[in-house]
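Structure file structure-v6.pdb; described as PDB, C-alpha atoms.
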```
ATOM      1  CA  MET H   1       0.000   0.000   0.000
ATOM      2  CA  ILE H   2       1.207   3.513  -0.801
ATOM      3  CA  PRO H   3       2.200   5.335   2.422
ATOM      4  CA  GLN H   4      -0.139   8.139   3.470
ATOM      5  CA  LYS H   5       2.570  10.793   3.092
ATOM      6  CA  TYR H   6       3.283   9.822  -0.516
ATOM      7  CA  ALA H   7      -0.417   9.712  -1.375
ATOM      8  CA  ALA H   8      -0.943  13.166   0.130
ATOM      9  CA  SER H   9       2.104  14.518  -1.696
ATOM     10  CA  LEU H  10       0.792  13.253  -5.034
ATOM     11  CA  ILE H  11      -2.588  14.892  -4.498
ATOM     12  CA  VAL H  12      -0.929  18.142  -3.414
ATOM     13  CA  LEU H  13       1.247  18.281  -6.524
ATOM     14  CA  ILE H  14      -1.641  17.563  -8.880
ATOM     15  CA  GLY H  15      -3.939  19.904  -6.969
ATOM     16  CA  TRP H  16      -1.664  22.949  -7.036
ATOM     17  CA  PHE H  17      -0.813  22.296 -10.679
ATOM     18  CA  ALA H  18      -4.505  22.109 -11.631
ATOM     19  CA  LEU H  19      -5.389  25.235  -9.668
ATOM     20  CA  SER H  20      -2.473  27.177 -11.171
ATOM     21  CA  LEU H  21      -3.355  25.981 -14.663
ATOM     22  CA  GLN H  22      -6.975  27.080 -14.292
ATOM     23  CA  LEU H  23      -5.902  30.493 -12.989
ATOM     24  CA  PHE H  24      -3.532  30.883 -15.944
ATOM     25  CA  VAL H  25      -6.275  29.941 -18.406
ATOM     26  CA  SER H  26      -8.768  32.307 -16.749
ATOM     27  CA  ILE H  27      -6.366  35.258 -16.944
ATOM     28  CA  LYS H  28      -5.273  34.347 -20.484
ATOM     29  CA  ASN H  29      -8.853  34.188 -21.757
ATOM     30  CA  ALA H  30     -10.048  37.324 -19.937
ATOM     31  CA  PRO H  31      -9.325  39.863 -22.746
ATOM     32  CA  ALA H  32     -11.111  37.751 -25.365
ATOM     33  CA  LEU H  33     -14.150  37.557 -23.083
ATOM     34  CA  GLY H  34     -14.109  41.294 -22.441
ATOM     35  CA  VAL H  35     -13.356  40.775 -18.765
ATOM     36  CA  ALA H  36     -10.737  42.707 -16.812
ATOM     37  CA  ILE H  37      -7.958  40.573 -15.373
ATOM     38  CA  ALA H  38      -8.825  41.596 -11.812
ATOM     39  CA  GLU H  39     -12.434  40.599 -12.395
ATOM     40  CA  SER H  40     -11.376  37.284 -13.915
ATOM     41  CA  ILE H  41      -9.369  36.543 -10.771
ATOM     42  CA  VAL H  42     -12.369  37.322  -8.560
ATOM     43  CA  ASN H  43     -14.503  35.100 -10.796
ATOM     44  CA  TYR H  44     -11.907  32.351 -10.450
ATOM     45  CA  PHE H  45     -12.208  32.367  -6.663
ATOM     46  CA  SER H  46     -16.001  32.511  -6.934
ATOM     47  CA  TYR H  47     -16.362  28.929  -8.159
ATOM     48  CA  PHE H  48     -17.167  26.236  -5.614
ATOM     49  CA  THR H  49     -14.926  23.966  -7.671
ATOM     50  CA  ILE H  50     -11.912  26.182  -7.012
ATOM     51  CA  LEU H  51     -12.685  26.639  -3.324
ATOM     52  CA  SER H  52     -13.096  22.893  -2.795
ATOM     53  CA  ASN H  53      -9.912  22.039  -4.671
ATOM     54  CA  LEU H  54      -8.132  24.733  -2.664
ATOM     55  CA  ALA H  55      -9.409  23.082   0.504
ATOM     56  CA  VAL H  56      -7.878  19.800  -0.644
ATOM     57  CA  ALA H  57      -4.532  21.334  -1.631
ATOM     58  CA  VAL H  58      -4.214  23.644   1.384
ATOM     59  CA  SER H  59      -5.268  21.061   3.979
ATOM     60  CA  LEU H  60      -2.920  18.356   2.710
ATOM     61  CA  SER H  61      -0.072  20.842   2.264
ATOM     62  CA  ILE H  62      -0.413  21.950   5.882
ATOM     63  CA  LEU H  63      -0.636  18.353   7.093
ATOM     64  CA  LEU H  64       2.593  17.580   5.239
ATOM     65  CA  ILE H  65       4.560  20.707   6.168
ATOM     66  CA  PHE H  66       3.101  21.957   9.461
ATOM     67  CA  PRO H  67       1.320  18.973  11.034
ATOM     68  CA  GLY H  68       1.852  20.273  14.571
ATOM     69  CA  SER H  69       0.379  23.727  13.931
ATOM     70  CA  ALA H  70      -3.123  24.781  14.946
ATOM     71  CA  LEU H  71      -4.270  24.437  11.344
ATOM     72  CA  GLY H  72      -2.483  21.114  11.083
ATOM     73  CA  ARG H  73      -4.367  19.776  14.085
ATOM     74  CA  PHE H  74      -7.632  21.135  12.676
ATOM     75  CA  PHE H  75      -7.171  19.532   9.259
ATOM     76  CA  ALA H  76      -6.040  16.275  10.871
ATOM     77  CA  LYS H  77      -9.486  15.836  12.441
ATOM     78  CA  PRO H  78     -11.547  13.159  10.668
ATOM     79  CA  ALA H  79     -14.546  15.519  10.651
ATOM     80  CA  SER H  80     -12.522  18.184   8.823
ATOM     81  CA  GLN H  81     -11.172  15.733   6.266
ATOM     82  CA  THR H  82     -14.603  14.216   5.729
ATOM     83  CA  ALA H  83     -16.108  17.662   5.156
ATOM     84  CA  ILE H  84     -13.502  18.274   2.450
ATOM     85  CA  ALA H  85     -14.252  14.838   0.969
ATOM     86  CA  LEU H  86     -17.916  15.830   0.867
ATOM     87  CA  TYR H  87     -17.242  19.118  -0.900
ATOM     88  CA  ILE H  88     -14.883  17.679  -3.503
ATOM     89  CA  PHE H  89     -17.248  14.765  -4.161
ATOM     90  CA  ILE H  90     -20.093  17.205  -4.836
ATOM     91  CA  VAL H  91     -17.795  19.076  -7.234
ATOM     92  CA  GLY H  92     -17.405  15.946  -9.331
ATOM     93  CA  LEU H  93     -21.048  14.921  -8.979
ATOM     94  CA  VAL H  94     -22.590  18.261  -9.964
ATOM     95  CA  TYR H  95     -20.146  18.685 -12.834
ATOM     96  CA  SER H  96     -21.029  15.261 -14.222
ATOM     97  CA  ILE H  97     -24.783  15.737 -13.825
ATOM     98  CA  ALA H  98     -25.328  19.405 -14.656
ATOM     99  CA  LEU H  99     -22.250  20.888 -16.331
ATOM    100  CA  ARG H 100     -20.249  18.334 -18.321
ATOM    101  CA  ASN H 101     -22.658  18.361 -21.259
ATOM    102  CA  VAL H 102     -23.272  22.116 -21.471
ATOM    103  CA  TRP H 103     -19.840  23.044 -22.816
ATOM    104  CA  ASP H 104     -16.874  21.522 -24.623
ATOM    105  CA  PRO H 105     -13.539  22.797 -23.257
ATOM    106  CA  LYS H 106     -10.418  22.490 -25.381
ATOM    107  CA  GLY H 107      -6.676  22.423 -24.817
ATOM    108  CA  LEU H 108      -5.419  23.596 -21.444
ATOM    109  CA  GLN H 109      -8.966  24.325 -20.254
ATOM    110  CA  LYS H 110      -9.935  20.708 -20.832
ATOM    111  CA  THR H 111      -6.856  19.531 -18.933
ATOM    112  CA  ALA H 112      -7.712  21.777 -15.994
ATOM    113  CA  ASP H 113     -11.334  20.625 -16.082
ATOM    114  CA  ILE H 114     -10.411  16.945 -15.958
ATOM    115  CA  LEU H 115      -7.979  17.464 -13.101
ATOM    116  CA  LEU H 116     -10.281  19.665 -11.008
ATOM    117  CA  HIS H 117     -13.548  17.799 -11.593
ATOM    118  CA  ASP H 118     -12.456  14.193 -12.022
ATOM    119  CA  VAL H 119      -8.904  13.405 -10.939
ATOM    120  CA  ILE H 120      -8.725  15.337  -7.657
ATOM    121  CA  PRO H 121     -12.185  14.223  -6.427
ATOM    122  CA  ILE H 122     -11.338  10.572  -7.111
ATOM    123  CA  LEU H 123      -7.881  10.774  -5.555
ATOM    124  CA  TYR H 124      -9.049  12.598  -2.434
ATOM    125  CA  LEU H 125     -11.961  10.221  -1.892
ATOM    126  CA  LEU H 126      -9.529   7.306  -2.133
ATOM    127  CA  PHE H 127      -7.259   9.115   0.318
ATOM    128  CA  TRP H 128     -10.191   9.606   2.697
ATOM    129  CA  PHE H 129     -11.254   5.996   2.386
ATOM    130  CA  LEU H 130      -7.761   4.576   2.951
ATOM    131  CA  PHE H 131      -6.149   6.920   5.433
ATOM    132  CA  VAL H 132      -8.684   8.948   7.442
ATOM    133  CA  PRO H 133      -9.641   7.305  10.767
ATOM    134  CA  LYS H 134     -13.178   5.933  10.646
ATOM    135  CA  LYS H 135     -14.370   5.854  14.249
ATOM    136  CA  THR H 136     -15.259   9.413  15.220
ATOM    137  CA  LEU H 137     -18.066  10.825  13.064
ATOM    138  CA  LYS H 138     -21.569  11.573  14.317
ATOM    139  CA  TRP H 139     -24.788  12.053  12.363
ATOM    140  CA  GLN H 140     -25.020  15.693  13.417
ATOM    141  CA  ASN H 141     -21.739  16.385  11.614
ATOM    142  CA  ALA H 142     -23.673  16.282   8.360
ATOM    143  CA  PHE H 143     -25.622  19.416   9.248
ATOM    144  CA  SER H 144     -22.572  21.410  10.346
ATOM    145  CA  TRP H 145     -20.895  20.546   7.039
ATOM    146  CA  LEU H 146     -23.785  22.267   5.219
ATOM    147  CA  ILE H 147     -22.788  25.680   6.609
ATOM    148  CA  PHE H 148     -20.005  26.272   4.073
ATOM    149  CA  PRO H 149     -22.020  25.390   0.930
ATOM    150  CA  PHE H 150     -24.974  27.403   2.268
ATOM    151  CA  ILE H 151     -22.774  30.479   2.775
ATOM    152  CA  TYR H 152     -21.268  29.919  -0.666
ATOM    153  CA  LEU H 153     -24.706  29.816  -2.300
ATOM    154  CA  LEU H 154     -25.655  33.067  -0.593
ATOM    155  CA  TYR H 155     -22.428  34.653  -1.849
ATOM    156  CA  ALA H 156     -22.970  33.351  -5.394
ATOM    157  CA  LEU H 157     -26.509  34.739  -5.488
ATOM    158  CA  LEU H 158     -25.433  38.094  -4.050
ATOM    159  CA  ARG H 159     -22.606  38.434  -6.547
ATOM    160  CA  GLY H 160     -24.926  37.487  -9.366
ATOM    161  CA  ALA H 161     -27.431  40.091  -8.233
ATOM    162  CA  THR H 162     -24.813  42.856  -8.080
ATOM    163  CA  THR H 163     -22.700  42.002 -11.142
ATOM    164  CA  GLY H 164     -24.937  39.926 -13.389
ATOM    165  CA  TRP H 165     -22.284  37.188 -13.444
ATOM    166  CA  PHE H 166     -23.234  33.781 -12.048
ATOM    167  CA  SER H 167     -20.657  31.115 -11.269
ATOM    168  CA  TYR H 168     -23.152  28.392 -12.224
ATOM    169  CA  TYR H 169     -26.002  28.712 -14.683
ATOM    170  CA  PHE H 170     -28.497  26.941 -12.439
ATOM    171  CA  LEU H 171     -28.172  29.820  -9.940
ATOM    172  CA  ASN H 172     -29.074  32.478 -12.528
ATOM    173  CA  PHE H 173     -32.390  33.708 -11.147
ATOM    174  CA  LYS H 174     -32.417  36.561 -13.670
ATOM    175  CA  GLU H 175     -32.783  34.052 -16.474
ATOM    176  CA  TYR H 176     -34.628  31.162 -14.849
ATOM    177  CA  GLY H 177     -36.578  32.958 -12.116
ATOM    178  CA  TRP H 178     -36.496  32.522  -8.375
ATOM    179  CA  GLY H 179     -38.855  29.554  -8.383
ATOM    180  CA  LYS H 180     -36.616  27.293 -10.464
ATOM    181  CA  VAL H 181     -33.416  28.531  -8.801
ATOM    182  CA  THR H 182     -34.887  27.897  -5.358
ATOM    183  CA  ILE H 183     -35.659  24.319  -6.386
ATOM    184  CA  ASN H 184     -32.105  23.975  -7.734
ATOM    185  CA  ILE H 185     -30.654  25.225  -4.443
ATOM    186  CA  ILE H 186     -32.797  22.829  -2.421
ATOM    187  CA  LEU H 187     -31.707  19.929  -4.640
ATOM    188  CA  VAL H 188     -28.046  20.891  -4.282
ATOM    189  CA  LEU H 189     -28.298  21.132  -0.488
ATOM    190  CA  LEU H 190     -30.138  17.802  -0.356
ATOM    191  CA  ALA H 191     -27.329  16.294  -2.414
ATOM    192  CA  PHE H 192     -24.812  17.626   0.112
ATOM    193  CA  LEU H 193     -26.839  16.176   2.976
ATOM    194  CA  ALA H 194     -27.316  12.797   1.282
ATOM    195  CA  VAL H 195     -23.608  12.404   0.490
ATOM    196  CA  ALA H 196     -22.686  13.561   3.991
ATOM    197  CA  MET H 197     -24.959  10.932   5.508
ATOM    198  CA  PHE H 198     -23.471   8.302   3.198
ATOM    199  CA  LEU H 199     -19.920   9.160   4.284
ATOM    200  CA  ILE H 200     -20.957   8.987   7.931
ATOM    201  CA  LEU H 201     -22.639   5.635   7.253
ATOM    202  CA  ILE H 202     -19.359   4.329   5.836
ATOM    203  CA  ASP H 203     -17.625   5.575   8.972
ATOM    204  CA  ARG H 204     -20.109   3.850  11.270
ATOM    205  CA  VAL H 205     -20.103   0.570   9.329
ATOM    206  CA  TRP H 206     -16.298   0.650   9.346
ATOM    207  CA  LYS H 207     -16.424   1.254  13.108
ATOM    208  CA  LYS H 208     -18.547  -1.836  13.651
ATOM    209  CA  LYS H 209     -16.204  -3.966  11.548
ATOM    210  CA  LEU H 210     -13.251  -2.840  13.629
ATOM    211  CA  ARG H 211     -14.826  -3.915  16.885
TER     212      ARG H 211
END
```
For the structure just supplied, provide its representation as structure tokens.
Amino acid sequence: MIPQKYAASLIVLIGWFALSLQLFVSIKNAPALGVAIAESIVNYFSYFTILSNLAVAVSLSILLIFPGSALGRFFAKPASQTAIALYIFIVGLVYSIALRNVWDPKGLQKTADILLHDVIPILYLLFWFLFVPKKTLKWQNAFSWLIFPFIYLLYALLRGATTGWFSYYFLNFKEYGWGKVTINIILVLLAFLAVAMFLILIDRVWKKKLR
């Protein structure tokens, strides 16, 4: 079996490369899209995909370099790592269900897309499954993990209302109306809750097997 440190290092390297590549592509394409570079950078950090991949890269980097720090101890907690697993899993799930078929990226953009939406989610979920302790989670953790995506959705809607730019088309209430967008938000949050419960179920089943 690959040691945990090597597995984490691999994910970190791929993660930072993918994030850097996407930032480069976003800045490079900004003039052609009529978007200022500063705005393109803000847009970059306004995607849940980027924030979740950042959570993966930052958390594992800190665990590798500063494991004894306050942040290192925080990210070492199974609840913290499972929350990140939840977020990155949803990134891959939503992309596959709602976004993969609505555009056809080419070149470097396609490479970044595959890494951010497919490779990193799969690798981190494998990392979670193999290396994160499985005897500490509680059912109520699922609801606390919803705070971040809920805050993100509020931010995405507020930014869309003030700028007219929406990070994800299914949040565009100006085009689809509040009724449909509200349903979309409820479905997304239910997906978060369902996956969270599933991860906790794995933890509890694993706990019983270890007894």
Taking a cut-off of 7 Å and counting only C-alpha atoms, can you build a table that, for each residue of range 116-199 of chain H near range 74-79 of chain H, reports the nearest atom pair and how far apart they are in Å (one decimal), sorted by chain then residue number, as CSV?
```
residue,atom,partner,partner_atom,distance
H:Val132,CA,H:Pro78,CA,6.0
H:Pro133,CA,H:Pro78,CA,6.2
H:Thr136,CA,H:Pro78,CA,7.0
H:Leu137,CA,H:Ala79,CA,6.3
```
Resulting file, chosen residues, C-alpha atoms, as a tab-separated table (two decimals), in the coordinates of the input:
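Written output follows (again15.tsv):
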```tsv
chain	number	residue	atom	x	y	z
H	132	VAL	CA	-8.68	8.95	7.44
H	133	PRO	CA	-9.64	7.30	10.77
H	136	THR	CA	-15.26	9.41	15.22
H	137	LEU	CA	-18.07	10.82	13.06
```
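In this comparison, which uses only C-alpha atoms, the residue of H:Asn141, H:Ala32, H:Gly164, H:Phe150 approaching Leu201 in chain H most closely is H:Asn141.
The two atoms in question, CA of Ile50 in chain H and CA of Ser167 in chain H, are spaced 10.9 Å apart.
All protein and nucleic acid residues in the vicinity of (-27.6, 14.0, 0.5), that is within 12 Å when counting all atoms listed in the file, are Leu86, Tyr87, Phe89, Ile90, Leu93, Ala142, Phe143, Trp145, Leu146, Ile186, Leu187, Val188, Leu189, Leu190, Ala191, Phe192, Leu193, Ala194, Val195, Ala196, Met197, Phe198, Leu199, Ile200 and Leu201 of chain H.
For the structure in this document, the set picked by the PyMOL selection byres ((chain H and resi 24) around 12) is H:Phe17, H:Ala18, H:Leu19, H:Ser20, H:Leu21, H:Gln22, H:Leu23, H:Val25, H:Ser26, H:Ile27, H:Lys28, H:Asn29, H:Ala30, H:Ile37, H:Ser40, H:Ile41, H:Tyr44, H:Leu108, H:Gln109, H:Ala112.
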Emit the selected residues as a PDB file, in the coordinates of the input, including C-alpha atoms.
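Contents of result_26.pdb, freshly written:
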```pdb
ATOM      1  CA  PHE H  17      -0.813  22.296 -10.679  1.00  0.00           C
ATOM      2  CA  ALA H  18      -4.505  22.109 -11.631  1.00  0.00           C
ATOM      3  CA  LEU H  19      -5.389  25.235  -9.668  1.00  0.00           C
ATOM      4  CA  SER H  20      -2.473  27.177 -11.171  1.00  0.00           C
ATOM      5  CA  LEU H  21      -3.355  25.981 -14.663  1.00  0.00           C
ATOM      6  CA  GLN H  22      -6.975  27.080 -14.292  1.00  0.00           C
ATOM      7  CA  LEU H  23      -5.902  30.493 -12.989  1.00  0.00           C
ATOM      8  CA  VAL H  25      -6.275  29.941 -18.406  1.00  0.00           C
ATOM      9  CA  SER H  26      -8.768  32.307 -16.749  1.00  0.00           C
ATOM     10  CA  ILE H  27      -6.366  35.258 -16.944  1.00  0.00           C
ATOM     11  CA  LYS H  28      -5.273  34.347 -20.484  1.00  0.00           C
ATOM     12  CA  ASN H  29      -8.853  34.188 -21.757  1.00  0.00           C
ATOM     13  CA  ALA H  30     -10.048  37.324 -19.937  1.00  0.00           C
ATOM     14  CA  ILE H  37      -7.958  40.573 -15.373  1.00  0.00           C
ATOM     15  CA  SER H  40     -11.376  37.284 -13.915  1.00  0.00           C
ATOM     16  CA  ILE H  41      -9.369  36.543 -10.771  1.00  0.00           C
ATOM     17  CA  TYR H  44     -11.907  32.351 -10.450  1.00  0.00           C
ATOM     18  CA  LEU H 108      -5.419  23.596 -21.444  1.00  0.00           C
ATOM     19  CA  GLN H 109      -8.966  24.325 -20.254  1.00  0.00           C
ATOM     20  CA  ALA H 112      -7.712  21.777 -15.994  1.00  0.00           C
TER      21      ALA H 112
END
```
Completion of range 123-145 of chain H up to N, CA, C and O atoms, as a compact mmCIF listing (two decimals), in the coordinates of the input:
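See out.txt below for the written result:
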```txt
# COMPACT_ATOMS: atom_id res chain seq x y z
N LEU H 123 -9.07 11.01 -6.38
CA LEU H 123 -7.88 10.77 -5.56
C LEU H 123 -8.14 11.11 -4.09
O LEU H 123 -7.71 10.37 -3.19
N TYR H 124 -8.83 12.23 -3.84
CA TYR H 124 -9.05 12.60 -2.43
C TYR H 124 -10.02 11.64 -1.75
O TYR H 124 -9.86 11.33 -0.57
N LEU H 125 -11.03 11.19 -2.49
CA LEU H 125 -11.96 10.22 -1.89
C LEU H 125 -11.25 8.92 -1.57
O LEU H 125 -11.52 8.29 -0.53
N LEU H 126 -10.34 8.49 -2.43
CA LEU H 126 -9.53 7.31 -2.13
C LEU H 126 -8.65 7.55 -0.91
O LEU H 126 -8.50 6.67 -0.05
N PHE H 127 -8.08 8.75 -0.84
CA PHE H 127 -7.26 9.12 0.32
C PHE H 127 -8.09 9.05 1.60
O PHE H 127 -7.66 8.52 2.62
N TRP H 128 -9.30 9.62 1.53
CA TRP H 128 -10.19 9.61 2.70
C TRP H 128 -10.52 8.17 3.09
O TRP H 128 -10.48 7.82 4.28
N PHE H 129 -10.85 7.37 2.12
CA PHE H 129 -11.25 6.00 2.39
C PHE H 129 -10.12 5.18 3.00
O PHE H 129 -10.33 4.39 3.94
N LEU H 130 -8.90 5.39 2.52
CA LEU H 130 -7.76 4.58 2.95
C LEU H 130 -7.08 5.06 4.22
O LEU H 130 -6.60 4.25 5.02
N PHE H 131 -7.03 6.39 4.39
CA PHE H 131 -6.15 6.92 5.43
C PHE H 131 -6.83 7.68 6.58
O PHE H 131 -6.22 7.86 7.62
N VAL H 132 -8.03 8.17 6.38
CA VAL H 132 -8.68 8.95 7.44
C VAL H 132 -9.33 8.00 8.45
O VAL H 132 -10.08 7.10 8.05
N PRO H 133 -9.04 8.16 9.75
CA PRO H 133 -9.64 7.30 10.77
C PRO H 133 -11.16 7.28 10.65
O PRO H 133 -11.79 8.29 10.36
N LYS H 134 -11.75 6.10 10.91
CA LYS H 134 -13.18 5.93 10.65
C LYS H 134 -14.01 5.65 11.91
O LYS H 134 -15.00 4.95 11.85
N LYS H 135 -13.63 6.21 13.03
CA LYS H 135 -14.37 5.85 14.25
C LYS H 135 -14.80 7.07 15.06
O LYS H 135 -14.98 6.96 16.27
N THR H 136 -14.99 8.21 14.43
CA THR H 136 -15.26 9.41 15.22
C THR H 136 -16.48 10.22 14.77
O THR H 136 -16.94 11.08 15.51
N LEU H 137 -17.01 9.97 13.60
CA LEU H 137 -18.07 10.82 13.06
C LEU H 137 -19.41 10.58 13.73
O LEU H 137 -19.72 9.48 14.17
N LYS H 138 -20.22 11.65 13.77
CA LYS H 138 -21.57 11.57 14.32
C LYS H 138 -22.55 12.08 13.26
O LYS H 138 -22.19 12.88 12.39
N TRP H 139 -23.80 11.66 13.36
CA TRP H 139 -24.79 12.05 12.36
C TRP H 139 -24.96 13.56 12.29
O TRP H 139 -25.18 14.12 11.21
N GLN H 140 -24.83 14.24 13.41
CA GLN H 140 -25.02 15.69 13.42
C GLN H 140 -23.93 16.43 12.66
O GLN H 140 -24.10 17.59 12.28
N ASN H 141 -22.79 15.76 12.42
CA ASN H 141 -21.74 16.39 11.61
C ASN H 141 -22.25 16.79 10.24
O ASN H 141 -21.83 17.81 9.68
N ALA H 142 -23.17 16.02 9.71
CA ALA H 142 -23.67 16.28 8.36
C ALA H 142 -24.28 17.68 8.25
O ALA H 142 -24.12 18.36 7.23
N PHE H 143 -24.96 18.12 9.30
CA PHE H 143 -25.62 19.42 9.25
C PHE H 143 -24.62 20.56 9.40
O PHE H 143 -24.76 21.61 8.77
N SER H 144 -23.60 20.37 10.21
CA SER H 144 -22.57 21.41 10.35
C SER H 144 -21.79 21.56 9.05
O SER H 144 -21.34 22.66 8.71
N TRP H 145 -21.62 20.47 8.31
CA TRP H 145 -20.90 20.55 7.04
C TRP H 145 -21.68 21.31 5.97
O TRP H 145 -21.10 21.70 4.96
```
